[in-house]
$ cat data.cif   # mmCIF, C-alpha atoms and all ligand atoms
data_query
#
loop_
_atom_site.label_atom_id
_atom_site.label_comp_id
_atom_site.auth_asym_id
_atom_site.auth_seq_id
_atom_site.Cartn_x
_atom_site.Cartn_y
_atom_site.Cartn_z
CA MET Q 1 58.07 250.26 -93.68
CA SER Q 2 58.40 254.03 -93.51
CA ALA Q 3 57.82 256.32 -90.57
CA GLU Q 4 54.76 258.58 -90.80
CA PRO Q 5 56.29 262.05 -90.69
CA SER Q 6 54.28 265.05 -89.63
CA LEU Q 7 56.49 267.13 -91.96
CA SER Q 8 57.20 266.36 -95.60
CA LEU Q 9 60.64 266.89 -97.12
CA ALA Q 10 60.88 269.06 -100.23
CA ARG Q 11 63.20 267.17 -102.63
CA LYS Q 12 65.85 268.80 -104.75
CA LEU Q 13 68.33 266.26 -106.05
CA HIS Q 14 71.95 266.95 -106.98
CA SER Q 15 72.38 268.08 -110.59
CA ALA Q 16 75.92 266.66 -110.78
CA PRO Q 17 76.21 263.70 -108.38
CA ALA Q 18 79.52 261.85 -108.06
CA SER Q 19 80.30 259.84 -111.22
CA ALA Q 20 80.51 256.05 -111.06
CA ASP Q 21 84.31 256.21 -111.44
CA ALA Q 22 84.78 258.88 -108.76
CA LEU Q 23 82.48 256.97 -106.44
CA ALA Q 24 84.34 253.67 -106.95
CA ALA Q 25 87.66 255.40 -106.16
CA MET Q 26 86.27 257.02 -103.01
CA LEU Q 27 84.70 253.79 -101.76
CA GLU Q 28 87.80 251.68 -102.24
CA ASN Q 29 89.29 252.59 -98.88
CA PRO Q 30 87.03 255.21 -97.30
CA GLY Q 31 88.42 255.14 -93.74
CA PHE Q 32 86.08 256.86 -91.29
CA GLY Q 33 84.31 260.19 -91.67
CA ARG Q 34 86.12 261.59 -94.70
CA VAL Q 35 83.94 260.58 -97.64
CA PHE Q 36 80.57 262.33 -97.81
CA THR Q 37 77.57 261.56 -100.00
CA ASP Q 38 75.81 263.85 -102.48
CA HIS Q 39 72.85 264.88 -100.33
CA MET Q 40 71.76 266.11 -96.93
CA VAL Q 41 68.57 266.87 -95.05
CA THR Q 42 67.97 270.22 -93.36
CA ILE Q 43 65.00 271.28 -91.20
CA ARG Q 44 64.63 274.62 -89.48
CA TRP Q 45 63.06 275.41 -86.14
CA SER Q 46 62.14 278.81 -84.82
CA GLU Q 47 60.13 280.06 -81.90
CA GLY Q 48 56.58 280.63 -83.02
CA ARG Q 49 56.86 278.54 -86.23
CA GLY Q 50 58.25 275.32 -84.80
CA TRP Q 51 59.74 272.81 -87.31
CA HIS Q 52 59.54 274.00 -90.92
CA ASP Q 53 61.37 274.23 -94.24
CA ALA Q 54 62.27 270.52 -94.37
CA GLN Q 55 64.46 269.75 -97.38
CA LEU Q 56 66.34 266.85 -98.90
CA ARG Q 57 68.91 268.64 -101.03
CA PRO Q 58 72.43 268.58 -102.45
CA ARG Q 59 75.10 268.56 -99.74
CA GLU Q 60 76.79 271.94 -99.59
CA PRO Q 61 78.40 274.30 -97.05
CA LEU Q 62 76.05 275.97 -94.60
CA THR Q 63 75.93 279.73 -94.18
CA LEU Q 64 76.14 280.95 -90.59
CA ASP Q 65 75.97 284.38 -89.05
CA PRO Q 66 79.17 284.99 -87.02
CA ALA Q 67 76.93 285.64 -84.02
CA ALA Q 68 75.19 282.24 -84.36
CA ALA Q 69 74.77 281.04 -80.77
CA VAL Q 70 76.41 277.66 -81.42
CA LEU Q 71 79.72 279.36 -82.19
CA HIS Q 72 79.74 281.01 -78.77
CA TYR Q 73 77.86 278.80 -76.33
CA ALA Q 74 78.10 275.38 -78.04
CA GLN Q 75 74.41 274.53 -78.13
CA GLU Q 76 74.87 271.49 -80.36
CA ILE Q 77 73.89 267.82 -80.19
CA PHE Q 78 74.40 264.91 -82.56
CA GLU Q 79 73.78 261.22 -83.18
CA GLY Q 80 75.56 258.44 -85.03
CA LEU Q 81 73.98 255.39 -86.66
CA LYS Q 82 74.69 253.24 -89.67
CA ALA Q 83 72.88 251.93 -92.75
CA TYR Q 84 74.05 248.48 -93.83
CA ARG Q 85 73.61 246.33 -96.89
CA ALA Q 86 71.57 243.30 -95.85
CA GLY Q 87 70.95 240.76 -98.62
CA ASN Q 88 69.87 242.90 -101.56
CA GLY Q 89 68.34 245.55 -99.31
CA VAL Q 90 69.50 248.29 -96.97
CA VAL Q 91 68.70 248.46 -93.26
CA LEU Q 92 69.14 250.70 -90.24
CA PHE Q 93 69.95 249.39 -86.76
CA ARG Q 94 67.62 250.54 -83.93
CA PRO Q 95 67.15 254.08 -85.31
CA GLU Q 96 64.30 254.76 -82.88
CA GLN Q 97 66.85 254.50 -80.07
CA ASN Q 98 68.95 257.24 -81.70
CA ALA Q 99 65.80 259.34 -82.15
CA ARG Q 100 64.98 259.02 -78.45
CA ARG Q 101 68.53 259.73 -77.31
CA PHE Q 102 68.53 262.79 -79.60
CA GLN Q 103 65.37 263.97 -77.87
CA ALA Q 104 66.97 263.42 -74.45
CA SER Q 105 70.07 265.34 -75.56
CA ALA Q 106 67.87 268.17 -76.86
CA ALA Q 107 66.00 268.37 -73.57
CA ARG Q 108 69.27 268.56 -71.59
CA LEU Q 109 70.60 271.38 -73.80
CA ALA Q 110 67.31 273.32 -73.72
CA MET Q 111 66.73 272.72 -77.44
CA PRO Q 112 63.47 271.89 -79.28
CA ILE Q 113 62.38 268.25 -79.44
CA LEU Q 114 62.34 266.72 -82.92
CA PRO Q 115 59.54 264.13 -83.28
CA GLU Q 116 60.84 260.56 -83.58
CA SER Q 117 58.98 260.07 -86.86
CA VAL Q 118 60.63 263.13 -88.44
CA PHE Q 119 64.10 262.02 -87.26
CA ILE Q 120 63.65 258.54 -88.75
CA HIS Q 121 61.98 259.74 -91.95
CA SER Q 122 64.83 262.22 -92.60
CA ILE Q 123 67.39 259.45 -92.27
CA GLU Q 124 65.42 256.99 -94.38
CA GLU Q 125 64.97 259.49 -97.21
CA LEU Q 126 68.69 260.36 -97.21
CA VAL Q 127 69.62 256.67 -97.21
CA LYS Q 128 67.25 256.02 -100.12
CA VAL Q 129 68.89 258.63 -102.37
CA ASP Q 130 72.49 257.86 -101.34
CA ALA Q 131 72.39 254.08 -100.72
CA HIS Q 132 74.82 253.51 -103.60
CA TRP Q 133 77.47 255.17 -101.40
CA ILE Q 134 77.52 252.15 -99.07
CA PRO Q 135 80.99 250.67 -99.68
CA PRO Q 136 81.22 247.06 -100.84
CA GLY Q 137 82.28 244.40 -98.31
CA ASP Q 138 81.97 245.28 -94.66
CA GLY Q 139 81.63 249.05 -95.07
CA SER Q 140 78.51 251.00 -94.18
CA LEU Q 141 76.91 254.41 -94.46
CA TYR Q 142 77.44 256.38 -91.24
CA LEU Q 143 74.56 258.77 -90.66
CA ARG Q 144 75.26 261.88 -88.65
CA PRO Q 145 72.10 263.74 -87.59
CA PHE Q 146 72.88 266.91 -85.65
CA MET Q 147 71.22 270.10 -84.47
CA PHE Q 148 72.63 273.45 -83.48
CA ALA Q 149 71.56 276.93 -82.38
CA ASN Q 150 71.78 279.30 -85.34
CA GLU Q 151 70.12 282.38 -83.92
CA ALA Q 152 72.37 285.45 -84.22
CA PHE Q 153 72.32 286.62 -80.61
CA LEU Q 154 75.03 286.93 -77.98
CA GLY Q 155 72.89 286.92 -74.85
CA VAL Q 156 73.20 283.72 -72.83
CA ARG Q 157 69.87 281.87 -72.99
CA PRO Q 158 68.45 279.01 -75.08
CA ALA Q 159 68.42 280.17 -78.71
CA ALA Q 160 65.20 280.89 -80.57
CA GLU Q 161 66.34 279.33 -83.89
CA TYR Q 162 67.89 275.96 -84.70
CA LEU Q 163 68.93 273.91 -87.71
CA PHE Q 164 68.60 270.11 -87.80
CA VAL Q 165 70.85 268.47 -90.41
CA VAL Q 166 71.57 264.90 -91.50
CA ILE Q 167 74.69 264.11 -93.49
CA ALA Q 168 76.01 260.68 -94.51
CA SER Q 169 79.53 259.35 -94.78
CA ALA Q 170 80.74 256.16 -96.48
CA VAL Q 171 82.85 254.38 -93.86
CA GLY Q 172 85.03 251.38 -93.24
CA ALA Q 173 86.60 250.43 -89.90
CA TYR Q 174 86.94 253.20 -87.29
CA PHE Q 175 90.35 252.03 -86.09
CA LYS Q 176 93.24 251.96 -88.55
CA GLY Q 177 94.31 248.52 -87.29
CA GLY Q 178 90.99 247.02 -88.49
CA ASN Q 179 90.17 244.00 -86.33
CA LYS Q 180 93.33 244.08 -84.23
CA ALA Q 181 92.97 244.70 -80.49
CA VAL Q 182 93.19 248.40 -79.61
CA SER Q 183 95.25 250.08 -76.90
CA VAL Q 184 93.88 252.59 -74.42
CA TRP Q 185 95.48 255.35 -72.38
CA LEU Q 186 94.32 256.08 -68.82
CA SER Q 187 93.58 259.78 -68.43
CA LYS Q 188 94.71 260.88 -64.97
CA ASP Q 189 94.51 264.64 -65.40
CA TYR Q 190 91.20 264.97 -67.21
CA THR Q 191 87.68 263.70 -66.62
CA ARG Q 192 84.84 263.60 -69.10
CA ALA Q 193 81.71 264.24 -67.05
CA ALA Q 194 80.49 264.93 -63.53
CA ALA Q 195 77.14 264.28 -61.85
CA GLY Q 196 74.60 266.83 -63.02
CA GLY Q 197 76.60 267.61 -66.15
CA THR Q 198 76.14 266.44 -69.74
CA GLY Q 199 77.89 263.04 -69.65
CA ALA Q 200 74.77 261.13 -70.73
CA THR Q 201 74.17 263.62 -73.54
CA LYS Q 202 75.56 263.36 -77.04
CA CYS Q 203 76.62 266.98 -77.31
CA GLY Q 204 79.65 268.31 -79.14
CA GLY Q 205 80.91 270.01 -75.97
CA ASN Q 206 81.64 266.64 -74.34
CA TYR Q 207 83.92 265.75 -77.23
CA ALA Q 208 85.62 269.15 -77.27
CA ALA Q 209 86.52 268.68 -73.61
CA SER Q 210 87.82 265.15 -74.27
CA LEU Q 211 90.16 266.04 -77.15
CA ILE Q 212 93.17 266.97 -75.04
CA ALA Q 213 92.97 263.60 -73.28
CA GLN Q 214 92.53 261.85 -76.65
CA ALA Q 215 95.57 263.74 -77.96
CA GLU Q 216 97.54 262.50 -74.95
CA ALA Q 217 96.43 258.95 -75.76
CA ILE Q 218 97.66 259.34 -79.34
CA GLU Q 219 100.98 260.77 -78.13
CA HIS Q 220 101.44 257.60 -76.10
CA GLY Q 221 100.66 255.43 -79.09
CA CYS Q 222 97.12 254.54 -77.95
CA ASP Q 223 93.92 254.38 -79.97
CA GLN Q 224 91.54 255.70 -77.32
CA VAL Q 225 91.47 257.37 -73.95
CA VAL Q 226 89.76 255.81 -70.93
CA PHE Q 227 88.10 258.15 -68.43
CA LEU Q 228 87.61 257.65 -64.70
CA ASP Q 229 84.81 259.22 -62.67
CA ALA Q 230 85.16 262.90 -61.76
CA ALA Q 231 84.40 262.52 -58.03
CA GLU Q 232 86.89 259.89 -56.86
CA HIS Q 233 89.11 259.42 -59.94
CA ARG Q 234 88.75 255.73 -59.31
CA TRP Q 235 85.90 254.16 -61.27
CA VAL Q 236 86.15 253.30 -64.95
CA GLU Q 237 83.50 255.19 -66.92
CA GLU Q 238 83.97 254.89 -70.67
CA LEU Q 239 86.31 255.69 -73.54
CA GLY Q 240 86.37 258.94 -75.51
CA GLY Q 241 83.88 257.60 -78.05
CA MET Q 242 82.69 254.19 -76.86
CA ASN Q 243 81.44 252.17 -73.89
CA VAL Q 244 83.53 249.49 -72.23
CA PHE Q 245 82.97 245.85 -71.13
CA PHE Q 246 85.07 243.44 -69.09
CA VAL Q 247 84.94 239.63 -69.43
CA PHE Q 248 86.06 237.41 -66.54
CA GLU Q 249 87.39 233.85 -66.24
CA ASP Q 250 83.91 232.47 -65.38
CA GLY Q 251 82.55 233.94 -68.63
CA SER Q 252 80.62 236.74 -66.89
CA LEU Q 253 80.63 240.31 -68.16
CA LEU Q 254 80.70 243.63 -66.35
CA THR Q 255 80.07 247.11 -67.71
CA PRO Q 256 79.95 250.43 -65.81
CA PRO Q 257 76.38 251.42 -64.87
CA LEU Q 258 74.50 254.27 -66.53
CA GLY Q 259 74.20 256.98 -63.96
CA GLY Q 260 74.17 260.23 -65.88
CA THR Q 261 77.89 260.52 -66.50
CA ILE Q 262 78.32 258.03 -69.35
CA LEU Q 263 76.60 257.81 -72.71
CA PRO Q 264 73.80 255.21 -72.77
CA GLY Q 265 75.19 253.41 -75.81
CA ILE Q 266 72.84 251.57 -78.14
CA THR Q 267 75.59 249.07 -78.88
CA ARG Q 268 76.11 248.66 -75.11
CA ASP Q 269 72.43 247.86 -74.66
CA SER Q 270 72.48 245.44 -77.63
CA VAL Q 271 75.58 243.64 -76.31
CA ILE Q 272 73.97 243.21 -72.88
CA THR Q 273 70.90 241.67 -74.52
CA LEU Q 274 72.93 239.37 -76.78
CA ALA Q 275 75.18 238.19 -73.94
CA ARG Q 276 72.28 237.47 -71.59
CA ARG Q 277 70.41 235.62 -74.32
CA GLN Q 278 73.23 233.10 -74.54
CA GLY Q 279 73.35 232.59 -70.79
CA LEU Q 280 76.26 234.91 -69.96
CA ALA Q 281 75.81 236.87 -66.74
CA VAL Q 282 76.12 240.64 -67.25
CA THR Q 283 76.38 243.03 -64.32
CA GLU Q 284 76.17 246.79 -64.61
CA LYS Q 285 78.46 247.64 -61.75
CA ARG Q 286 81.25 250.03 -60.90
CA TYR Q 287 84.74 248.68 -61.55
CA SER Q 288 87.81 250.52 -60.35
CA PHE Q 289 90.94 251.01 -62.39
CA GLU Q 290 92.82 249.32 -59.54
CA GLU Q 291 90.63 246.21 -59.93
CA TRP Q 292 91.12 246.30 -63.69
CA GLN Q 293 94.89 246.30 -63.29
CA ARG Q 294 94.87 243.63 -60.57
CA ASP Q 295 92.45 241.32 -62.42
CA ALA Q 296 94.36 241.62 -65.69
CA LYS Q 297 97.58 240.68 -63.93
CA SER Q 298 96.07 237.75 -62.00
CA GLY Q 299 94.31 236.41 -65.09
CA LYS Q 300 90.84 236.78 -63.54
CA LEU Q 301 90.09 239.31 -66.29
CA ARG Q 302 90.27 237.49 -69.60
CA GLU Q 303 88.97 240.05 -72.10
CA ALA Q 304 87.95 243.69 -72.37
CA PHE Q 305 86.29 245.43 -75.26
CA ALA Q 306 85.06 248.82 -76.42
CA CYS Q 307 81.74 249.14 -78.23
CA GLY Q 308 79.86 251.79 -80.14
CA THR Q 309 78.33 252.50 -83.53
CA ALA Q 310 81.62 253.63 -85.06
CA ALA Q 311 83.83 251.12 -83.23
CA VAL Q 312 81.35 248.18 -83.39
CA VAL Q 313 82.99 245.78 -80.89
CA SER Q 314 86.75 246.25 -80.57
CA ALA Q 315 88.92 244.19 -78.25
CA ILE Q 316 91.15 246.13 -75.86
CA GLY Q 317 94.55 244.46 -75.79
CA GLU Q 318 96.72 246.89 -73.88
CA VAL Q 319 96.27 249.58 -71.25
CA LYS Q 320 98.91 252.26 -70.80
CA THR Q 321 99.31 254.63 -67.85
CA THR Q 322 101.96 256.98 -66.50
CA ASP Q 323 102.81 254.21 -63.99
CA GLY Q 324 103.29 251.43 -66.50
CA ASN Q 325 101.37 249.28 -68.94
CA PHE Q 326 99.55 245.96 -68.83
CA THR Q 327 97.95 243.63 -71.35
CA ILE Q 328 94.67 241.78 -71.26
CA GLY Q 329 94.37 238.14 -72.31
CA GLY Q 330 97.66 238.20 -74.18
CA GLY Q 331 96.80 241.35 -76.10
CA THR Q 332 94.67 239.70 -78.78
CA PRO Q 333 90.87 239.58 -79.21
CA GLY Q 334 89.29 236.94 -76.94
CA PRO Q 335 86.57 234.41 -77.87
CA ILE Q 336 83.63 236.09 -76.11
CA THR Q 337 84.48 239.48 -77.63
CA GLU Q 338 84.74 237.86 -81.07
CA LYS Q 339 81.48 235.96 -80.66
CA LEU Q 340 79.47 238.98 -79.53
CA LYS Q 341 80.91 241.07 -82.35
CA ASP Q 342 80.10 238.38 -84.89
CA GLN Q 343 76.52 238.07 -83.69
CA LEU Q 344 75.96 241.83 -83.67
CA VAL Q 345 77.40 242.28 -87.14
CA LYS Q 346 75.39 239.35 -88.52
CA ILE Q 347 72.13 240.76 -87.12
CA GLN Q 348 72.98 244.18 -88.60
CA ARG Q 349 73.57 242.60 -92.00
CA GLY Q 350 70.54 240.32 -92.00
CA GLU Q 351 72.69 237.17 -91.70
CA MET Q 352 71.24 236.10 -88.35
CA ALA Q 353 67.72 235.96 -86.90
CA ASP Q 354 66.69 239.38 -85.62
CA GLU Q 355 64.76 238.21 -82.56
CA ASN Q 356 64.45 241.67 -81.04
CA LYS Q 357 63.35 243.39 -84.25
CA TRP Q 358 66.33 245.74 -84.11
CA VAL Q 359 66.73 246.03 -87.86
CA ARG Q 360 64.57 248.38 -89.89
CA ARG Q 361 64.44 247.89 -93.64
CA VAL Q 362 64.78 251.07 -95.73
CA LEU Q 363 65.19 249.58 -99.20
N1 LIG P 401 80.21 256.59 -75.47
C1 LIG P 401 80.56 257.66 -76.19
C2 LIG P 401 81.26 258.79 -75.49
C3 LIG P 401 80.28 257.72 -77.56
O1 LIG P 401 80.64 258.76 -78.29
C4 LIG P 401 79.62 256.63 -78.17
C5 LIG P 401 79.30 256.66 -79.60
O2 LIG P 401 78.27 257.00 -80.02
C6 LIG P 401 79.26 255.53 -77.37
C7 LIG P 401 79.56 255.55 -76.02
C8 LIG P 401 78.52 254.36 -77.94
O3 LIG P 401 77.19 254.67 -78.25
P1 LIG P 401 76.42 253.91 -79.40
O4 LIG P 401 76.62 252.47 -79.15
O5 LIG P 401 75.00 254.33 -79.23
O6 LIG P 401 77.01 254.34 -80.68
C1 LIG P 402 79.65 256.92 -82.82
O1 LIG P 402 80.07 255.79 -82.57
O2 LIG P 402 78.65 257.10 -83.51
C2 LIG P 402 80.27 258.12 -82.26
O3 LIG P 402 79.69 259.15 -82.29
C3 LIG P 402 81.62 258.03 -81.68
C4 LIG P 402 82.70 258.74 -82.40
C5 LIG P 402 84.00 258.13 -81.91
C6 LIG P 402 82.63 258.70 -83.88
#

$ encode --input "data.cif" --output "structure tokens" --more "lines below"
Ligand code: PLP
Ligand code: COI
Amino acid sequence: MSAEPSLSLARKLHSAPASADALAAMLENPGFGRVFTDHMVTIRWSEGRGWHDAQLRPREPLTLDPAAAVLHYAQEIFEGLKAYRAGNGVVLFRPEQNARRFQASAARLAMPILPESVFIHSIEELVKVDAHWIPPGDGSLYLRPFMFANEAFLGVRPAAEYLFVVIASAVGAYFKGGNKAVSVWLSKDYTRAAAGGTGATKCGGNYAASLIAQAEAIEHGCDQVVFLDAAEHRWVEELGGMNVFFVFEDGSLLTPPLGGTILPGITRDSVITLARRQGLAVTEKRYSFEEWQRDAKSGKLREAFACGTAAVVSAIGEVKTTDGNFTIGGGTPGPITEKLKDQLVKIQRGEMADENKWVRRVL
């Protein structure tokens, strides 16, 4: 099943793609976001012409004017989704959700709206030519669609020219520890997003602003940073690159509500659906860091996990702060976290019934 694009991609394939030997070496232990495939998709947009010059072509450096607006005012948005091997085919997971979130991000950053069909078609065509880059075992192909302002102009206003690009990266686990529980650092000095800002938007600027807090987390030996709300510095929002869930002694789950300051994660939404389907209560409710600490110590909180496309579902075992550290459920992945992860991964790989029709076959 292919999307019906309103724009066809001109195809120019790589004249010297990676050799079988080079590919095998790169796919042995790809890590995350370092190994890139042979091709990319580019589509231009300009005022007056709209979307045009759509190409599937060899991956190569882009040429930018030094006055390109993105370099000055950060008009840039992106998405992240994965292609998986499923049986002897290749599938995408809920790509229409990424297309819609990309449109919402574009609207917030005053950028042109890419039709959903063009977004999905671009990804499908790239996956078709580079599917052999999906690593064996539990690796996947991480697709990174992005768009930025490339008009050469220094006045501050929405740009009149943009480039949409899709690249693909062969990836393994996001965290170096693989399936081990991760540790998180509470950011007290920095917040990620405030009401009316871009917290619900997948724009590069959010990540730029989070890097100092992430660096602090790394300095303290943690995998990720956890942000509190910007108004009261009290409510848990999300991690630097993933949403967060809490699991209590009665088997119920809680996750911070979407309210404009956190990213509406597609994994978050999928986990809520999967948990509810098996009778687990899920509330989308504010949870303070104070409650988190208290409930972890009393044992009321049994598990916590991070989730996202890159992170999948990753148990949180330890929380570190300037005032001391605490562990959750003994610091190892708990049974509900493991079960939800297993179900999600099995659906993504065609090993479990896909009741919600989340998986879209590409090959
Ligand atoms: N929150 C942030 C800040 C993220 O960067 C991501 C990753 O995309 C997520 C949450 C999870 O979103 P998704 O599950 O759609 O990948
Ligand atoms: C993703 O999960 O797709 C993200 O963009 C998050 C980032 C940590 C890689």

$ closest_atom_pairs --input "data.cif" --of "chain Q" --to "ligand LIG 402 (chain P)" --cutoff "6 Å" --atoms "all atoms listed in the file" --output "Markdown table"
| residue | atom | partner | partner_atom | distance |
| --- | --- | --- | --- | --- |
| Q:Gly80 | CA | P:LIG402 | O2 | 3.7 |
| Q:Leu81 | CA | P:LIG402 | O2 | 5.9 |
| Q:Gly241 | CA | P:LIG402 | C5 | 3.9 |
| Q:Gly308 | CA | P:LIG402 | O1 | 4.7 |
| Q:Thr309 | CA | P:LIG402 | O1 | 3.8 |
| Q:Ala310 | CA | P:LIG402 | O1 | 3.6 |

$ residues_around --input "data.cif" --residues "region 12-19 of chain Q" --least-positions-apart "3" --cutoff "6 Å" --atoms "all atoms listed in the file" --output "MDAnalysis selection string"
chainID Q and resid 22:23 38 57:58

$ write_last_selection --input "data.cif" --atoms "C-alpha atoms" --output "PDB file, in the frame of the given file"
ATOM      1  CA  ALA Q  22      84.780 258.880-108.760  1.00  0.00           C
ATOM      2  CA  LEU Q  23      82.480 256.970-106.440  1.00  0.00           C
ATOM      3  CA  ASP Q  38      75.810 263.850-102.480  1.00  0.00           C
ATOM      4  CA  ARG Q  57      68.910 268.640-101.030  1.00  0.00           C
ATOM      5  CA  PRO Q  58      72.430 268.580-102.450  1.00  0.00           C
TER       6      PRO Q  58
END

$ residues_near_ligand --input "data.cif" --ligand "ligand LIG 401 (chain P)" --cutoff "7 Å" --atoms "all atoms listed in the file" --output "list in words"
Glu79, Gly80, Leu81, Lys202, Glu238, Leu239, Gly240, Gly241, Met242, Asn243, Ile262, Leu263, Pro264, Gly265, Ile266, Thr267, Arg268, Cys307, Gly308, Thr309 and Ala310 of chain Q

$ closest_residue --input "data.cif" --among "Q:Val127, Q:Ala104, Q:Ile113, Q:Leu27" --to "Arg361 (chain Q)" --atoms "all atoms listed in the file"
Q:Val127

$ atom_distance --input "data.cif" --atom1 "CA of Leu64 (chain Q)" --atom2 "CA of Asn150 (chain Q)"
7.0 Å

$ atom_distance --input "data.cif" --atom1 "CA of Ile134 (chain Q)" --atom2 "CA of Val171 (chain Q)"
7.8 Å

$ axis_aligned_box --input "data.cif" --around "region 224-230 of chain Q" --padding-each-side "4 Å" --output "lines of an AutoDock Vina configuration file"
center_x = 88.2
center_y = 259.3
center_z = -69.5
size_x = 14.7
size_y = 15.2
size_z = 23.6

$ residues_around --input "data.cif" --residues "Leu301 (chain Q)" --least-positions-apart "5" --cutoff "12 Å" --atoms "all atoms listed in the file" --output "tab-separated table (two decimals) with C-alpha atoms, in the coordinates of the input"
chain	number	residue	atom	x	y	z
Q	245	PHE	CA	82.97	245.85	-71.13
Q	246	PHE	CA	85.07	243.44	-69.09
Q	247	VAL	CA	84.94	239.63	-69.43
Q	248	PHE	CA	86.06	237.41	-66.54
Q	249	GLU	CA	87.39	233.85	-66.24
Q	250	ASP	CA	83.91	232.47	-65.38
Q	251	GLY	CA	82.55	233.94	-68.63
Q	252	SER	CA	80.62	236.74	-66.89
Q	253	LEU	CA	80.63	240.31	-68.16
Q	254	LEU	CA	80.70	243.63	-66.35
Q	287	TYR	CA	84.74	248.68	-61.55
Q	291	GLU	CA	90.63	246.21	-59.93
Q	292	TRP	CA	91.12	246.30	-63.69
Q	293	GLN	CA	94.89	246.30	-63.29
Q	294	ARG	CA	94.87	243.63	-60.57
Q	295	ASP	CA	92.45	241.32	-62.42
Q	296	ALA	CA	94.36	241.62	-65.69
Q	316	ILE	CA	91.15	246.13	-75.86
Q	317	GLY	CA	94.55	244.46	-75.79
Q	326	PHE	CA	99.55	245.96	-68.83
Q	327	THR	CA	97.95	243.63	-71.35
Q	328	ILE	CA	94.67	241.78	-71.26
Q	329	GLY	CA	94.37	238.14	-72.31
Q	330	GLY	CA	97.66	238.20	-74.18
Q	334	GLY	CA	89.29	236.94	-76.94

$ closest_residue --input "data.cif" --among "Q:Gly33, Q:Gly196, Q:Pro115, Q:Gly137" --to "Ser169 (chain Q)" --atoms "all atoms listed in the file"
Q:Gly33

$ residues_around --input "data.cif" --residues "Glu125 (chain Q)" --least-positions-apart "4" --cutoff "10 Å" --atoms "only C-alpha atoms" --output "compact mmCIF listing (two decimals) with C-alpha atoms, in the frame of the given file"
# COMPACT_ATOMS: atom_id res chain seq x y z
CA SER Q 2 58.40 254.03 -93.51
CA LEU Q 9 60.64 266.89 -97.12
CA ARG Q 11 63.20 267.17 -102.63
CA MET Q 40 71.76 266.11 -96.93
CA VAL Q 41 68.57 266.87 -95.05
CA LEU Q 56 66.34 266.85 -98.90
CA ILE Q 120 63.65 258.54 -88.75
CA HIS Q 121 61.98 259.74 -91.95
CA VAL Q 129 68.89 258.63 -102.37
CA ASP Q 130 72.49 257.86 -101.34
CA ALA Q 131 72.39 254.08 -100.72
CA VAL Q 362 64.78 251.07 -95.73

$ atom_distance --input "data.cif" --atom1 "CA of Phe227 (chain Q)" --atom2 "CA of Glu318 (chain Q)"
15.2 Å

$ residues_near_point --input "data.cif" --point "(76.5, 279.6, -81.8)" --cutoff "9 Å" --atoms "only C-alpha atoms" --output "list in words"
Leu64, Asp65, Pro66, Ala67, Ala68, Ala69, Val70, Leu71, His72, Tyr73, Ala74, Gln75, Glu76, Phe148, Ala149, Asn150, Glu151, Ala152, Phe153, Leu154 and Ala159 of chain Q

$ residues_near_point --input "data.cif" --point "(74.8, 247.0, -87.6)" --cutoff "6 Å" --atoms "only C-alpha atoms" --output "short mmCIF file (atom, residue, chain, number, x, y, z; two decimals) with C-alpha atoms, keeping the file's coordinate frame"
data_model
loop_
_atom_site.label_atom_id
_atom_site.label_comp_id
_atom_site.auth_asym_id
_atom_site.auth_seq_id
_atom_site.Cartn_x
_atom_site.Cartn_y
_atom_site.Cartn_z
CA PHE Q 93 69.95 249.39 -86.76
CA VAL Q 345 77.40 242.28 -87.14
CA GLN Q 348 72.98 244.18 -88.60
#

$ closest_residue --input "data.cif" --among "Q:Arg286, Q:Lys300, Q:Lys341, Q:Arg85" --to "Asp138 (chain Q)" --atoms "all atoms listed in the file"
Q:Arg85
